[in-house]
Every structure is written in structure tokens, then in C-alpha cells.
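Engineer: Coordinates in input-v5.txt, compact mmCIF, C-alpha atoms, are listed below.
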```txt
# COMPACT_ATOMS: atom_id res chain seq x y z
CA LEU N 1 -5.45 0.44 -3.70
CA ALA N 2 -5.69 0.82 -7.48
CA LEU N 3 -2.22 2.30 -7.86
CA PRO N 4 -1.37 3.03 -11.50
CA VAL N 5 0.72 0.36 -13.22
CA VAL N 6 3.83 1.96 -14.73
CA GLY N 7 5.70 -1.11 -15.91
CA GLY N 8 6.43 -4.73 -15.40
CA TRP N 9 7.84 -7.89 -16.92
CA ASP N 10 6.92 -11.52 -17.50
CA ARG N 11 9.83 -13.71 -18.50
CA GLY N 12 8.32 -16.90 -17.12
CA PRO N 13 7.00 -18.34 -13.85
CA GLY N 14 10.05 -17.42 -11.76
CA ASP N 15 10.64 -13.98 -13.23
CA ARG N 16 7.52 -11.79 -13.18
CA GLY N 17 6.75 -8.46 -11.60
CA THR N 18 4.73 -5.28 -11.76
CA LEU N 19 5.73 -1.69 -11.03
CA PHE N 20 3.17 0.63 -9.44
CA ALA N 21 3.36 4.43 -9.08
CA ALA N 22 2.94 5.42 -5.44
CA ALA N 23 3.26 9.08 -4.47
CA SER N 24 6.75 10.15 -5.55
CA GLY N 25 8.07 6.59 -5.72
CA ILE N 26 7.51 3.20 -7.28
CA VAL N 27 6.44 -0.02 -5.57
CA GLU N 28 7.79 -3.19 -7.16
CA VAL N 29 5.79 -6.40 -6.64
CA MET N 30 7.39 -9.64 -7.75
CA ALA N 31 5.89 -13.11 -8.10
CA LEU N 32 6.97 -15.62 -5.49
CA LEU N 33 9.05 -18.43 -6.96
CA HIS N 34 6.94 -21.58 -7.15
CA ASP N 35 9.42 -23.62 -5.07
CA ARG N 36 9.73 -21.06 -2.26
CA ALA N 37 7.60 -20.91 0.85
CA PHE N 38 6.09 -17.56 1.76
CA ASP N 39 7.28 -16.19 5.09
CA PRO N 40 5.15 -13.21 6.15
CA PRO N 41 7.26 -10.13 6.95
CA GLN N 42 7.65 -9.12 10.57
CA GLY N 43 8.39 -5.77 12.12
CA MET N 44 7.85 -3.88 8.89
CA SER N 45 5.45 -1.16 7.88
CA MET N 46 5.05 1.23 5.00
CA ALA N 47 3.71 4.79 4.82
CA MET N 48 2.44 6.64 1.78
CA GLU N 49 1.62 10.35 1.64
CA VAL N 50 -1.26 11.19 -0.71
CA ASP N 51 -2.98 14.42 -1.76
CA ASP N 52 -6.51 13.40 -0.68
CA VAL N 53 -6.51 10.84 2.12
CA ASP N 54 -10.32 10.96 2.41
CA ALA N 55 -10.65 9.75 -1.21
CA TRP N 56 -8.13 6.98 -0.53
CA TYR N 57 -10.07 5.96 2.59
CA ARG N 58 -13.31 5.71 0.60
CA ARG N 59 -11.48 3.66 -2.05
CA ALA N 60 -10.16 1.28 0.63
CA GLN N 61 -13.66 0.92 2.10
CA ASP N 62 -15.23 0.33 -1.33
CA ARG N 63 -12.72 -2.44 -2.04
CA GLY N 64 -13.25 -4.07 1.36
CA LEU N 65 -9.64 -3.67 2.47
CA PRO N 66 -8.93 -4.54 6.11
CA ILE N 67 -8.78 -1.11 7.80
CA VAL N 68 -7.02 -1.56 11.14
CA VAL N 69 -6.71 2.13 12.13
CA GLU N 70 -9.67 4.33 11.23
CA LEU N 71 -9.33 7.66 9.44
CA ALA N 72 -8.58 10.47 11.90
CA ASN N 73 -6.56 13.64 12.40
CA ARG N 74 -3.31 12.98 14.26
CA PRO N 75 -1.69 15.43 16.71
CA TRP N 76 1.52 15.58 14.61
CA GLY N 77 -0.30 17.21 11.67
CA HIS N 78 -1.37 14.24 9.58
CA ARG N 79 -4.80 12.86 8.70
CA GLY N 80 -4.66 9.17 7.95
CA PHE N 81 -5.66 5.56 8.32
CA GLN N 82 -3.97 2.19 8.14
CA VAL N 83 -4.65 -1.04 6.27
CA VAL N 84 -2.93 -4.42 6.33
CA ALA N 85 -1.83 -5.88 2.99
CA PRO N 86 -2.46 -9.57 2.23
CA ASP N 87 1.21 -10.26 3.00
CA GLY N 88 0.82 -8.82 6.51
CA ILE N 89 2.58 -5.47 5.94
CA ALA N 90 0.87 -2.57 7.71
CA MET N 91 0.42 0.39 5.39
CA ALA N 92 -0.31 3.88 6.72
CA ILE N 93 -1.89 6.27 4.20
CA PHE N 94 -1.92 9.94 5.15
CA SER N 95 -2.13 13.57 4.06
CA ARG N 96 -0.64 16.56 5.82
CA ILE N 97 -3.11 18.91 7.46
CA ASP N 98 -2.61 22.51 8.48
```
Render the structure in this file as C-alpha cells.
Structural biologist:
Amino acid sequence: LALPVVGGWDRGPGDRGTLFAAASGIVEVMALLHDRAFDPPQGMSMAMEVDDVDAWYRRAQDRGLPIVVELANRPWGHRGFQVVAPDGIAMAIFSRID
């Protein structure tokens, strides 16, 4: 999603990570330890409110991200779409509409 990188560390193969700015928060992504198996998360999703969801949707399309819920206005006052991250986490991206 081309989130801005705001920090990170690399202290060796088992201790690396990157911090991304996301709306009013920070997303921390850490490297998987080389001796650990990856277990995809289950029953988890993430939502991120953005100022211009249409621009984010175009960005997701341009990058070929797997869009699983198309961009649309929702009855609860949001306009949004949903992608699935490579680790299997569903991510809803939305803006408030009036």
C-alpha cells in the first residue's frame, strides 16, 4: 500500500523490523525468525480510515493487490474496499462519507 516508512531496525536475522505510518497509528512489521514456521492468522482483520479512499483504491489496483470487496458506499456512512494481505489478514480501507 506504499505506507510511509517511519522507522525500523536491523540487528541481525532474528531481530529486524520496519515501522509504517498508517492513518493516526503505526504498523510494525517484523521478520519471521528463520527457525519458526509461519502460521497464517485466523479470525483477524484490520481497518484503516484514510482521507481519500478512491486514491487508495487506485493505488491497490495499480499494484495488483488482491481486492476481495470492491469499492462502494456502505449504508453506515463509509466508502471503502477490502484487500487481503500476503499473510491472510483482511484489511478494510475506508473513508467517511456524508
Engineer: Quick check, in Å to one decimal: how far apart do atom CA of Leu33 of chain N and atom CA of Leu19 of chain N lie?
Structural biologist: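 So the two atoms, atom CA of Leu33 of chain N and atom CA of Leu19 of chain N, lie 17.5 Å apart.
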Engineer: Rounded to one decimal, what separation in Å do you get between atom CA of Ile26 of chain N and atom CA of Arg96 of chain N?
Structural biologist: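 Computed distance, atom CA of Ile26 of chain N to atom CA of Arg96 of chain N, equals 20.4 Å.
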Engineer: Could I get the residues of segment 34-55 of chain N with an atom no further than 8 Å from an atom of segment 82-94 of chain N, each paired with its nearest atom pair and that distance in Å to one decimal, using only C-alpha atoms, sorted by chain and residue number, as a tab-separated table?
Structural biologist:
```
residue	atom	partner	partner_atom	distance
N:Pro40	CA	N:Asp87	CA	5.8
N:Pro41	CA	N:Gly88	CA	6.6
N:Gln42	CA	N:Ile89	CA	7.8
N:Met44	CA	N:Ile89	CA	6.2
N:Ser45	CA	N:Ala90	CA	4.8
N:Met46	CA	N:Met91	CA	4.7
N:Ala47	CA	N:Ala92	CA	4.5
N:Met48	CA	N:Ile93	CA	5.0
N:Glu49	CA	N:Phe94	CA	5.0
N:Val50	CA	N:Phe94	CA	6.0
N:Val53	CA	N:Phe94	CA	5.6
```
Engineer: May I have the residues within 8 Å of segment 9-17 of chain N as a PyMOL selection string, using all atoms listed in the file and disregarding those fewer than 5 positions away in the same chain?
Structural biologist: chain N and resi 28-34
Engineer: Using all atoms listed in the file, which of N:Ile97, N:Ala37, N:Val6, N:Ala60 sits nearest His78 of chain N?
Structural biologist: N:Ile97
Engineer: Enter the distance from atom CA of Ser24 of chain N to atom CA of Val5 of chain N, in Å, rounded to one decimal.
Structural biologist: 13.8 Å
Engineer: What's around Pro4 of chain N at 12 Å? Count all atoms listed in the file, leave out sequence neighbours fewer than 3 positions away in its own chain, and write the answer as an NGL selection string.
Structural biologist: :N and (1 or 7-8 or 18-23 or 25-28)
Engineer: I need the chosen residues saved as a tab-separated table (two decimals), in the coordinates of the input, with C-alpha atoms.
Structural biologist:
```tsv
chain	number	residue	atom	x	y	z
N	1	LEU	CA	-5.45	0.44	-3.70
N	7	GLY	CA	5.70	-1.11	-15.91
N	8	GLY	CA	6.43	-4.73	-15.40
N	18	THR	CA	4.73	-5.28	-11.76
N	19	LEU	CA	5.73	-1.69	-11.03
N	20	PHE	CA	3.17	0.63	-9.44
N	21	ALA	CA	3.36	4.43	-9.08
N	22	ALA	CA	2.94	5.42	-5.44
N	23	ALA	CA	3.26	9.08	-4.47
N	25	GLY	CA	8.07	6.59	-5.72
N	26	ILE	CA	7.51	3.20	-7.28
N	27	VAL	CA	6.44	-0.02	-5.57
N	28	GLU	CA	7.79	-3.19	-7.16
```
Engineer: With distances taken over all atoms listed in the file, which residue among N:Asp62, N:Asp98, N:Asp51, N:Asp35 lies nearest Pro75 of chain N?
Structural biologist: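 For Pro75 of chain N, the nearest of the candidates is N:Asp98.
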Engineer: Would you please work out which residue, of N:Ser95, N:Leu65, N:Arg59, N:Arg74, is nearest to Leu3 of chain N when using all atoms listed in the file?
Structural biologist: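 Checking each candidate against Leu3 of chain N, we get N:Arg59 as the closest.
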